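What follows is model_27.cif (mmCIF, C-alpha atoms).
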```cif
data_structure
#
loop_
_atom_site.label_atom_id
_atom_site.label_comp_id
_atom_site.auth_asym_id
_atom_site.auth_seq_id
_atom_site.Cartn_x
_atom_site.Cartn_y
_atom_site.Cartn_z
CA MET A 63 32.01 5.18 8.59
CA SER A 64 32.15 5.68 4.80
CA SER A 65 30.18 2.44 4.33
CA LEU A 66 27.49 3.68 6.74
CA SER A 67 27.44 7.06 5.01
CA GLY A 68 27.05 5.44 1.60
CA LEU A 69 24.26 3.26 2.94
CA SER A 70 22.43 6.28 4.35
CA VAL A 71 22.68 8.08 1.01
CA LYS A 72 21.36 5.02 -0.81
CA ILE A 73 18.40 4.71 1.55
CA ALA A 74 17.68 8.44 1.44
CA LYS A 75 17.85 8.64 -2.37
CA ASN A 76 15.56 5.70 -3.02
CA THR A 77 13.10 6.75 -0.32
CA LEU A 78 13.06 10.21 -1.91
CA TYR A 79 12.43 8.75 -5.37
CA GLN A 80 9.41 6.87 -4.04
CA LEU A 81 8.16 9.99 -2.27
CA ILE A 82 8.48 11.96 -5.51
CA GLY A 83 6.48 9.26 -7.28
CA LYS A 84 3.87 9.40 -4.57
CA ALA A 85 3.84 13.19 -4.75
CA ILE A 86 3.04 12.93 -8.45
CA THR A 87 0.15 10.51 -7.90
CA THR A 88 -1.05 12.45 -4.87
CA THR A 89 -1.04 15.73 -6.77
CA SER A 90 -3.07 14.20 -9.57
CA THR A 91 -5.42 12.53 -7.07
CA LEU A 92 -5.90 15.76 -5.13
CA PHE A 93 -6.60 17.61 -8.36
CA ILE A 94 -9.24 15.03 -9.25
CA THR A 95 -10.63 15.23 -5.71
CA PHE A 96 -10.82 19.01 -6.07
CA LEU A 97 -12.84 18.65 -9.28
CA LEU A 98 -15.09 15.85 -8.08
CA THR A 99 -15.98 17.34 -4.70
CA ARG A 100 -17.00 20.62 -6.28
CA ARG A 101 -18.85 19.07 -9.20
CA PHE A 102 -20.57 16.11 -7.53
CA GLY A 103 -20.52 17.08 -3.81
CA PRO A 104 -20.03 14.79 -0.79
CA SER A 105 -22.45 12.16 -2.13
CA GLY A 106 -20.76 11.94 -5.53
CA TYR A 107 -17.31 11.86 -4.00
CA GLY A 108 -18.53 9.14 -1.65
CA GLU A 109 -19.46 7.01 -4.67
CA PHE A 110 -16.07 7.64 -6.27
CA SER A 111 -14.39 6.64 -2.99
CA LEU A 112 -16.24 3.33 -3.15
CA MET A 113 -15.12 2.84 -6.77
CA LEU A 114 -11.55 3.10 -5.50
CA ALA A 115 -12.02 1.29 -2.18
CA PHE A 116 -13.55 -1.87 -3.64
CA PRO A 117 -10.60 -2.72 -5.96
CA ALA A 118 -8.18 -1.58 -3.24
CA PHE A 119 -9.32 -4.56 -1.17
CA PHE A 120 -7.39 -6.69 -3.65
CA TYR A 121 -4.26 -4.57 -4.19
CA MET A 122 -2.29 -6.15 -1.36
CA ALA A 123 -3.79 -9.53 -2.20
CA VAL A 124 -2.37 -9.26 -5.71
CA ASP A 125 1.05 -8.74 -4.13
CA PHE A 126 0.43 -11.83 -1.98
CA GLY A 127 3.90 -11.46 -0.48
CA LEU A 128 5.44 -12.71 -3.72
CA ASN A 129 7.90 -9.81 -3.91
CA ALA A 130 9.29 -10.52 -0.45
CA ILE A 131 9.91 -14.19 -1.31
CA PHE A 132 11.23 -13.26 -4.77
CA ALA A 133 13.72 -10.86 -3.14
CA LYS A 134 14.96 -13.56 -0.77
CA LYS A 135 15.47 -16.01 -3.65
CA SER A 136 17.05 -13.44 -5.98
CA ILE A 137 19.36 -11.47 -3.65
CA THR A 138 22.48 -13.33 -4.94
CA GLU A 139 21.40 -14.07 -8.53
CA ASN A 140 23.13 -12.63 -11.61
CA ASP A 141 21.14 -10.51 -14.07
CA GLU A 142 20.69 -13.32 -16.59
CA THR A 143 19.04 -15.61 -14.05
CA LEU A 144 17.15 -12.68 -12.55
CA HIS A 145 15.72 -11.78 -15.97
CA ILE A 146 14.44 -15.32 -16.51
CA ASN A 147 12.88 -15.54 -13.06
CA PHE A 148 11.36 -12.07 -13.41
CA GLY A 149 9.47 -13.31 -16.48
CA LYS A 150 8.14 -16.15 -14.36
CA LEU A 151 7.05 -13.72 -11.64
CA VAL A 152 5.21 -11.51 -14.15
CA SER A 153 3.31 -14.44 -15.67
CA LEU A 154 2.31 -15.69 -12.20
CA ARG A 155 1.07 -12.23 -11.23
CA PHE A 156 -0.86 -11.87 -14.48
CA PHE A 157 -2.94 -15.01 -13.95
CA TRP A 158 -3.29 -14.34 -10.22
CA SER A 159 -4.63 -10.84 -10.97
CA LEU A 160 -7.22 -12.21 -13.40
CA SER A 161 -8.38 -14.67 -10.74
CA LEU A 162 -8.81 -11.86 -8.23
CA ILE A 163 -10.78 -9.76 -10.73
CA ALA A 164 -13.15 -12.69 -11.30
CA LEU A 165 -13.58 -13.10 -7.54
CA ALA A 166 -14.22 -9.37 -7.11
CA LEU A 167 -16.92 -9.38 -9.81
CA LEU A 168 -18.69 -12.25 -8.07
CA LEU A 169 -18.55 -10.47 -4.72
CA LEU A 170 -19.80 -7.22 -6.26
CA ILE A 171 -23.10 -8.90 -7.14
CA LEU A 172 -23.83 -9.35 -3.44
CA PHE A 173 -23.59 -5.65 -2.56
CA PRO A 174 -26.78 -3.53 -2.59
CA TYR A 175 -25.30 -0.73 -4.69
CA SER A 176 -27.01 1.03 -7.59
CA GLN A 177 -26.42 -0.31 -11.10
CA ASN A 178 -24.41 2.76 -12.08
CA LEU A 179 -22.17 2.46 -9.02
CA LYS A 180 -21.59 -1.23 -9.75
CA ILE A 181 -20.55 -0.38 -13.31
CA GLY A 182 -18.06 2.16 -11.98
CA ILE A 183 -16.62 -0.35 -9.51
CA ALA A 184 -16.38 -2.98 -12.27
CA ILE A 185 -14.39 -0.57 -14.43
CA GLY A 186 -12.08 0.11 -11.50
CA LEU A 187 -11.41 -3.62 -11.04
CA PHE A 188 -9.13 -3.50 -14.10
CA SER A 189 -6.70 -1.63 -11.86
CA ILE A 190 -6.14 -4.90 -9.96
CA LEU A 191 -4.28 -6.22 -13.02
CA THR A 192 -2.29 -3.03 -13.57
CA GLN A 193 -1.41 -2.93 -9.87
CA GLY A 194 -0.15 -6.51 -10.12
CA LEU A 195 2.13 -5.69 -13.05
CA ILE A 196 3.43 -2.54 -11.35
CA THR A 197 4.14 -4.52 -8.19
CA SER A 198 6.08 -7.10 -10.23
CA ALA A 199 8.28 -4.42 -11.76
CA ASN A 200 8.88 -2.93 -8.32
CA ALA A 201 10.52 -6.21 -7.28
CA ILE A 202 13.37 -5.40 -9.68
CA PHE A 203 13.51 -1.73 -8.69
CA GLN A 204 13.76 -2.83 -5.04
CA LEU A 205 16.57 -5.35 -5.64
CA LYS A 206 18.56 -2.90 -7.76
CA ALA A 207 17.74 0.14 -5.61
CA ARG A 208 16.46 2.00 -8.69
CA TYR A 209 13.19 3.50 -7.54
CA ASP A 210 13.91 6.46 -9.82
CA LEU A 211 12.67 4.28 -12.69
CA SER A 212 9.45 3.60 -10.80
CA THR A 213 8.96 7.35 -10.47
CA ILE A 214 9.36 7.82 -14.22
CA SER A 215 6.64 5.22 -14.83
CA VAL A 216 4.31 6.89 -12.36
CA PHE A 217 4.84 10.24 -14.09
CA PHE A 218 3.66 8.95 -17.47
CA GLY A 219 0.63 7.19 -15.99
CA SER A 220 -0.42 10.19 -13.92
CA ALA A 221 0.03 12.51 -16.90
CA LEU A 222 -2.46 10.48 -18.94
CA PHE A 223 -4.86 10.38 -15.98
CA LEU A 224 -4.81 14.16 -15.66
CA VAL A 225 -5.18 14.79 -19.40
CA LEU A 226 -8.18 12.50 -19.67
CA ILE A 227 -9.88 14.05 -16.64
CA TYR A 228 -9.15 17.64 -17.60
CA PHE A 229 -10.51 17.31 -21.12
CA GLY A 230 -13.17 14.64 -20.71
CA LEU A 231 -14.70 14.57 -17.22
CA THR A 232 -18.38 13.91 -17.82
CA SER A 233 -19.27 11.40 -15.11
CA LEU A 234 -17.92 9.44 -12.17
CA ASN A 235 -17.61 6.36 -14.37
CA PHE A 236 -15.38 8.26 -16.78
CA ALA A 237 -13.22 9.36 -13.85
CA ILE A 238 -12.64 5.74 -12.80
CA PHE A 239 -11.95 4.79 -16.44
CA ALA A 240 -9.28 7.50 -16.63
CA TYR A 241 -7.79 6.20 -13.38
CA SER A 242 -7.54 2.67 -14.80
CA ALA A 243 -6.08 3.91 -18.10
CA GLY A 244 -3.38 5.82 -16.26
CA GLY A 245 -2.59 2.69 -14.28
CA LEU A 246 -2.14 0.71 -17.50
CA VAL A 247 0.41 3.20 -18.83
CA THR A 248 2.28 3.09 -15.50
CA ALA A 249 2.31 -0.72 -15.60
CA LEU A 250 3.60 -1.02 -19.17
CA THR A 251 6.30 1.61 -18.61
CA SER A 252 7.38 -0.06 -15.36
CA LEU A 253 7.72 -3.47 -17.02
CA PHE A 254 9.74 -2.02 -19.89
CA LEU A 255 12.17 -0.19 -17.59
CA ALA A 256 12.51 -3.14 -15.19
CA LYS A 257 13.38 -5.52 -18.02
CA ARG A 258 15.80 -3.02 -19.52
CA LEU A 259 17.55 -2.75 -16.16
CA ILE A 260 18.48 -6.44 -16.12
CA SER A 261 18.55 -7.40 -19.82
CA LYS A 262 18.91 -5.99 -23.32
CA ASN A 263 16.01 -8.20 -24.42
CA THR A 264 13.26 -5.95 -23.10
CA PHE A 265 10.44 -7.45 -25.18
CA SER A 266 10.82 -11.11 -24.21
CA ALA A 267 7.58 -12.88 -23.33
CA PRO A 268 6.75 -13.83 -19.73
CA ILE A 269 7.65 -17.42 -18.86
CA ILE A 270 5.16 -19.96 -17.56
CA ASP A 271 6.94 -22.23 -15.09
CA THR A 272 4.58 -23.92 -12.65
CA ASN A 273 7.44 -25.34 -10.57
CA TYR A 274 8.89 -21.86 -9.99
CA TRP A 275 5.41 -20.51 -9.35
CA ARG A 276 5.03 -23.12 -6.62
CA GLU A 277 8.40 -22.14 -5.09
CA LEU A 278 7.20 -18.53 -4.86
CA PHE A 279 3.56 -19.10 -4.06
CA LEU A 280 3.68 -21.65 -1.25
CA PRO A 281 6.08 -19.70 1.05
CA SER A 282 4.12 -16.52 0.33
CA ILE A 283 0.75 -17.93 1.44
CA PRO A 284 1.08 -16.54 5.00
CA LEU A 285 2.01 -13.15 3.53
CA GLY A 286 -0.84 -13.31 1.03
CA MET A 287 -3.33 -14.11 3.74
CA THR A 288 -1.88 -11.26 5.79
CA ALA A 289 -2.15 -8.86 2.86
CA PHE A 290 -5.81 -9.62 2.35
CA LEU A 291 -6.55 -9.40 6.06
CA SER A 292 -4.62 -6.13 6.29
CA VAL A 293 -6.64 -4.58 3.48
CA THR A 294 -9.82 -5.91 5.09
CA THR A 295 -8.83 -4.16 8.29
CA GLY A 296 -7.97 -0.95 6.44
CA LYS A 297 -11.01 -0.78 4.17
CA ALA A 298 -13.73 -2.41 6.28
CA ASP A 299 -14.64 0.90 7.90
CA SER A 300 -15.42 2.53 4.53
CA ILE A 301 -17.52 -0.42 3.41
CA LEU A 302 -19.41 -0.56 6.73
CA LEU A 303 -19.98 3.18 6.61
CA SER A 304 -21.51 2.76 3.14
CA LEU A 305 -23.87 0.10 4.49
CA LEU A 306 -24.73 1.62 7.88
CA LYS A 307 -24.61 5.37 7.20
CA LYS A 308 -25.25 7.91 4.46
CA THR A 309 -23.02 8.20 1.39
CA GLU A 310 -22.02 11.66 2.63
CA ASP A 311 -20.41 10.05 5.67
CA VAL A 312 -18.30 7.88 3.37
CA GLY A 313 -17.21 11.04 1.58
CA TYR A 314 -16.29 12.86 4.80
CA TYR A 315 -14.29 9.90 6.04
CA GLY A 316 -12.86 9.17 2.59
CA ILE A 317 -11.16 12.53 2.20
CA ALA A 318 -9.67 12.37 5.73
CA TYR A 319 -8.42 8.83 5.19
CA LYS A 320 -6.99 9.74 1.78
CA ILE A 321 -4.75 12.37 3.41
CA PHE A 322 -3.84 9.90 6.16
CA GLU A 323 -2.89 7.26 3.57
CA VAL A 324 -0.57 9.70 1.84
CA ILE A 325 1.38 10.18 5.08
CA LEU A 326 1.55 6.43 5.68
CA VAL A 327 3.49 5.85 2.47
CA PHE A 328 6.68 7.18 4.05
CA PRO A 329 7.41 4.24 6.39
CA THR A 330 6.34 1.86 3.62
CA PHE A 331 8.73 3.40 1.11
CA PHE A 332 11.49 3.61 3.70
CA MET A 333 11.19 -0.08 4.56
CA ASN A 334 11.01 -1.01 0.86
CA VAL A 335 14.56 0.31 0.53
CA VAL A 336 15.84 -0.98 3.87
CA TYR A 337 14.49 -4.54 3.54
CA PRO A 338 17.13 -5.88 1.08
CA ILE A 339 19.85 -4.10 3.08
CA LEU A 340 18.66 -5.72 6.31
CA LEU A 341 18.69 -9.13 4.61
CA GLY A 342 22.34 -8.60 3.74
CA LYS A 343 23.31 -7.23 7.18
CA LYS A 344 21.64 -10.15 8.93
CA GLU A 345 23.89 -12.57 7.05
CA GLU A 346 27.06 -10.47 7.36
CA SER A 347 27.08 -9.15 10.92
CA THR A 348 24.68 -9.55 13.84
CA GLY A 349 26.15 -6.45 15.49
CA GLU A 350 25.63 -4.20 12.46
CA PHE A 351 22.13 -5.61 11.99
CA ALA A 352 21.21 -4.80 15.62
CA THR A 353 22.68 -1.29 15.38
CA LEU A 354 20.79 -0.54 12.17
CA THR A 355 17.58 -1.91 13.70
CA LYS A 356 17.80 0.43 16.70
CA LYS A 357 18.40 3.43 14.43
CA ILE A 358 15.40 2.52 12.26
CA PHE A 359 13.17 2.13 15.35
CA VAL A 360 14.14 5.51 16.80
CA PHE A 361 13.88 7.24 13.42
CA LEU A 362 10.44 5.92 12.49
CA GLY A 363 9.02 6.29 16.01
CA GLY A 364 10.23 9.88 16.34
CA LEU A 365 9.13 10.83 12.85
CA GLY A 366 5.68 9.35 13.48
CA MET A 367 5.25 11.50 16.59
CA LEU A 368 6.43 14.65 14.82
CA GLY A 369 4.31 13.97 11.74
CA GLY A 370 1.22 13.32 13.85
CA LEU A 371 1.62 16.57 15.77
CA VAL A 372 2.21 18.70 12.67
CA GLY A 373 -0.66 16.99 10.85
CA ILE A 374 -3.10 17.64 13.69
CA LEU A 375 -2.23 21.34 13.58
CA LEU A 376 -2.56 21.53 9.79
CA ALA A 377 -5.71 19.38 9.50
CA PRO A 378 -8.20 22.27 8.98
CA TYR A 379 -6.09 23.79 6.22
CA LEU A 380 -5.56 20.46 4.45
CA ILE A 381 -9.26 19.61 4.44
CA ARG A 382 -10.26 23.09 3.29
CA LEU A 383 -7.64 23.04 0.53
CA ILE A 384 -8.68 19.67 -0.85
CA GLY A 385 -12.40 19.40 -0.18
CA GLY A 386 -13.55 22.94 0.51
CA ASP A 387 -15.74 24.24 3.32
CA SER A 388 -18.43 21.60 2.73
CA PHE A 389 -16.02 18.95 4.11
CA SER A 390 -15.41 20.65 7.47
CA PRO A 391 -16.66 17.54 9.40
CA SER A 392 -13.61 15.73 8.01
CA VAL A 393 -11.19 17.82 10.12
CA LEU A 394 -11.83 15.99 13.38
CA ALA A 395 -11.74 12.63 11.58
CA LEU A 396 -8.29 13.44 10.20
CA ARG A 397 -7.03 14.55 13.62
CA LEU A 398 -8.27 11.34 15.22
CA LEU A 399 -6.46 9.29 12.58
CA LEU A 400 -3.23 11.27 12.96
CA ALA A 401 -3.20 10.75 16.72
CA GLY A 402 -2.25 7.13 16.06
CA LEU A 403 0.41 7.87 13.43
CA PRO A 404 3.45 6.69 15.50
CA ILE A 405 1.81 3.29 15.92
CA PHE A 406 1.43 2.90 12.16
CA PHE A 407 5.06 3.89 11.55
CA LEU A 408 6.32 1.22 13.97
CA THR A 409 4.05 -1.58 12.73
CA SER A 410 5.33 -0.89 9.21
CA MET A 411 8.83 -1.65 10.49
CA LEU A 412 8.07 -4.70 12.65
CA PHE A 413 6.02 -6.34 9.90
CA TRP A 414 9.16 -6.75 7.78
CA TYR A 415 11.16 -8.07 10.71
CA LEU A 416 8.86 -11.07 11.04
CA ILE A 417 9.65 -11.86 7.40
CA ILE A 418 13.39 -11.32 7.89
CA PHE A 419 13.40 -13.80 10.78
CA ASP A 420 11.20 -16.31 8.88
CA ARG A 421 8.32 -15.88 11.31
CA GLN A 422 5.77 -14.84 8.67
CA LYS A 423 3.64 -17.86 9.59
CA TYR A 424 2.39 -15.81 12.56
CA LEU A 425 1.26 -12.87 10.43
CA PRO A 426 -2.12 -14.35 9.36
CA PHE A 427 -3.03 -14.85 13.02
CA ILE A 428 -1.99 -11.30 13.92
CA TYR A 429 -3.90 -9.65 11.08
CA GLY A 430 -6.79 -12.12 11.21
CA ALA A 431 -7.41 -11.38 14.88
CA SER A 432 -7.06 -7.66 14.17
CA ALA A 433 -9.50 -7.81 11.24
CA ILE A 434 -12.14 -9.49 13.41
CA PHE A 435 -11.45 -6.98 16.19
CA ASN A 436 -11.77 -4.11 13.71
CA ILE A 437 -14.99 -5.29 12.06
CA LEU A 438 -16.77 -6.12 15.32
CA GLY A 439 -15.70 -2.81 16.84
CA ASN A 440 -16.88 -0.82 13.82
CA LEU A 441 -20.23 -2.62 13.82
CA LEU A 442 -20.74 -1.37 17.37
CA ILE A 443 -19.22 2.10 16.98
CA ILE A 444 -20.29 3.30 13.51
CA PRO A 445 -24.08 3.27 14.15
CA ARG A 446 -23.55 5.65 17.08
CA TYR A 447 -20.43 7.67 16.24
CA SER A 448 -20.29 7.30 12.44
CA PHE A 449 -16.93 8.08 10.79
CA TYR A 450 -15.51 9.65 13.97
CA GLY A 451 -15.81 6.31 15.72
CA ALA A 452 -14.29 4.56 12.69
CA ALA A 453 -11.28 6.90 12.86
CA VAL A 454 -10.64 6.14 16.53
CA TRP A 455 -11.09 2.40 16.05
CA THR A 456 -8.55 2.44 13.21
CA SER A 457 -5.78 3.50 15.61
CA VAL A 458 -6.98 1.14 18.35
CA THR A 459 -6.80 -1.76 15.90
CA GLU A 460 -3.31 -0.77 14.79
CA GLY A 461 -2.27 -0.68 18.45
CA LEU A 462 -3.40 -4.30 18.78
CA ILE A 463 -1.34 -5.20 15.71
CA LEU A 464 1.75 -3.53 17.22
CA ILE A 465 1.36 -5.45 20.49
CA LEU A 466 0.99 -8.78 18.69
CA LEU A 467 3.99 -8.09 16.43
CA VAL A 468 6.17 -7.37 19.46
CA ILE A 469 4.97 -10.54 21.22
CA PHE A 470 5.92 -12.76 18.28
CA LEU A 471 9.25 -10.98 17.78
CA LEU A 472 10.33 -11.21 21.43
CA PRO A 473 12.07 -14.61 21.08
CA VAL A 474 14.31 -13.44 18.21
CA ILE A 475 14.89 -10.04 19.85
CA LYS A 476 16.21 -11.76 22.98
CA LYS A 477 18.32 -14.10 20.86
CA THR A 478 19.78 -11.23 18.82
CA ASN A 479 20.58 -9.18 21.93
CA GLY A 480 22.23 -12.21 23.50
CA SER A 481 24.48 -12.77 20.49
CA THR A 482 25.60 -9.13 20.40
CA ASN A 483 26.52 -8.97 24.10
#
```

Kindly transcribe the structure held in the file into structure tokens.
Amino acid sequence: MSSLSGLSVKIAKNTLYQLIGKAITTTSTLFITFLLTRRFGPSGYGEFSLMLAFPAFFYMAVDFGLNAIFAKKSITENDETLHINFGKLVSLRFFWSLSLIALALLLLILFPYSQNLKIGIAIGLFSILTQGLITSANAIFQLKARYDLSTISVFFGSALFLVLIYFGLTSLNFAIFAYSAGGLVTALTSLFLAKRLISKNTFSAPIIDTNYWRELFLPSIPLGMTAFLSVTTGKADSILLSLLKKTEDVGYYGIAYKIFEVILVFPTFFMNVVYPILLGKKEESTGEFATLTKKIFVFLGGLGMLGGLVGILLAPYLIRLIGGDSFSPSVLALRLLLAGLPIFFLTSMLFWYLIIFDRQKYLPFIYGASAIFNILGNLLIIPRYSFYGAAVWTSVTEGLILILLVIFLLPVIKKTNGSTN
């Protein structure tokens, strides 16, 4: 009982630390949203949303599932070995991030955006590199269950972001520059604290080891493909709205989806903490692993239902607080998104279980099929129903993902239940 109690405290503390970090970034983002919506209106905020959405396509791709494989390889390593391999992870992520930035710049040429908007998006692409470095540091924070250090890093980055915006907001391009600068401070602070956690030599250079890179990269290819497909599914609606509808529609949908994304961080943060614990329980005891799994399922499913209901009731107040009265069309969009919240909470859980049971090879199919389903559906729905249709189709697509995850987990679920009986 004491072991279970200690485990619960550990999970709760580190989930809370991540939520505090997210609260800091969310507060700063909402403050910026408040300023931008009132200064530049729905059209201007729509452009800023695109400046963020375009690089965001590559955020999960820069992860590429490397952290999940790194955690599996490092779960039993001592700090000396972990420090060496962490340097190898950082160097791999650095070069991978630069490759993605180059790809993003090439793709940007193909989009029919104005020159000024393209410049803003190009500035925002620097955040792909900072996101890659932050993600690398989070691998250590996850293994050591020290997400409090991640929160400290986020605080410093967000503080710079706010200071730059408050004293120097002159254009949308400056706003995206301030966002990228804040990300750089977060990245450098995260790397410093992560290295200090596992070694006294905090300023050692990253290590280039192509053999180790291969050991990380090859097993992570299914996860990397999944990450890119997942972001495609999540961001395709905003891009299609920008191409098929007015910029104002992107702004209306953008503010609703921004609130929705904030809520979705909870199951992500929760599973970040639980994942290494589940890896250990799976090796130690099938019975304890099954018991913990059932508790996680009930907890996330129930919390998703409660959060969706409360969010639907509070939607008008949230939209009015953040965007003002001019964003009233966003209320229904937010409610439509929140109606599918329990589905998102459960897919966040089951995604990690495919990795735990070494069935990640099925993830590209699941998310590839869902991405095609999402894009085709939005192409049909958006011209007629605009961002309201996009909101509904987001939940429908996530429902398809949930069904496919369950189908591919059924063999191991039956096997696990059989071994516990």

Minimum-distance residue to Ile283 (chain A), chosen among A:Asn200, A:Gln422, A:Ser448, A:Ser457 (using only C-alpha atoms):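 The shortest atom-to-atom distance to Ile283 (chain A) comes from A:Gln422.
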
Taking the file above as input, evaluate the PyMOL selection byres ((chain A and resi 232-234) around 10) and report the hits as a CSV table (one decimal) with C-alpha atoms, keeping the file's coordinate frame.
```csv
chain,number,residue,atom,x,y,z
A,98,LEU,CA,-15.1,15.8,-8.1
A,101,ARG,CA,-18.8,19.1,-9.2
A,102,PHE,CA,-20.6,16.1,-7.5
A,106,GLY,CA,-20.8,11.9,-5.5
A,107,TYR,CA,-17.3,11.9,-4.0
A,109,GLU,CA,-19.5,7.0,-4.7
A,110,PHE,CA,-16.1,7.6,-6.3
A,113,MET,CA,-15.1,2.8,-6.8
A,178,ASN,CA,-24.4,2.8,-12.1
A,179,LEU,CA,-22.2,2.5,-9.0
A,182,GLY,CA,-18.1,2.2,-12.0
A,227,ILE,CA,-9.9,14.0,-16.6
A,228,TYR,CA,-9.2,17.6,-17.6
A,229,PHE,CA,-10.5,17.3,-21.1
A,230,GLY,CA,-13.2,14.6,-20.7
A,231,LEU,CA,-14.7,14.6,-17.2
A,235,ASN,CA,-17.6,6.4,-14.4
A,236,PHE,CA,-15.4,8.3,-16.8
A,237,ALA,CA,-13.2,9.4,-13.8
A,238,ILE,CA,-12.6,5.7,-12.8
A,239,PHE,CA,-12.0,4.8,-16.4
A,240,ALA,CA,-9.3,7.5,-16.6
```

One-decimal distance in Å that lies between CA of Ser392 (chain A) and CA of Leu326 (chain A): 17.9 Å

Region 242-244 of chain A environment, 6 Å, only C-alpha atoms, sequence neighbours closer than 6 positions dropped, as a list in words: Ser189, Gly219, Ser220, Leu222 and Phe223 of chain A

Output of the PyMOL selection byres ((chain A and resi 288-305) around 6), listed as a ChimeraX atom specification: /A:119,122-123,285-287,306-307,309,312,425-426,429-430,433

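Here the question is which of A:Leu151, A:Ala377, A:Ile270, A:Met411 gets nearest to Phe361 (chain A) using all atoms listed in the file, and that residue is A:Met411.
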
Separation of CA of Val336 (chain A) from CA of Ser215 (chain A) in Å: 21.7 Å

Distance query region 159-169 of chain A at most 8 Å, all atoms listed in the file, self and fewer than 3 positions along chain excluded, as a ChimeraX atom specification: /A:117,120,124,155-156,172-173,184,187-188,190-191,194

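We find CA of Ile181 (chain A) and CA of Ser111 (chain A) to be spaced 13.9 Å apart.
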
Exercise: residues within 10 Å of coordinate (-7.1, 10.3, 2.9), counting only C-alpha atoms, as an MDAnalysis selection string: chainID A and resid 92 314:326 381 392 396 399

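Within the file as shown, the PyMOL selection byres ((chain A and resi 386) around 12) identifies Leu92, Thr95, Phe96, Leu97, Leu98, Thr99, Arg100, Arg101, Gly103, Pro104, Tyr314, Ile317, Pro378, Tyr379, Leu380, Ile381, Arg382, Leu383, Ile384, Gly385, Asp387, Ser388, Phe389, Ser390, Pro391, Ser392 and Val393 of chain A.
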
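The closest residue to Leu211 (chain A), picked from A:Gly342, A:Gly83, A:Gly366, A:Gly451 and counting only C-alpha atoms, is A:Gly83.
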
Output as lines of an AutoDock Vina configuration file the centre and edge lengths (Å, one decimal) of the box along x, y and z of the file that holds every listed atom of region 200-214 of chain A after adding 6 Å on each side.
```
center_x = 13.7
center_y = 0.8
center_z = -9.6
size_x = 21.7
size_y = 26.0
size_z = 21.2
```
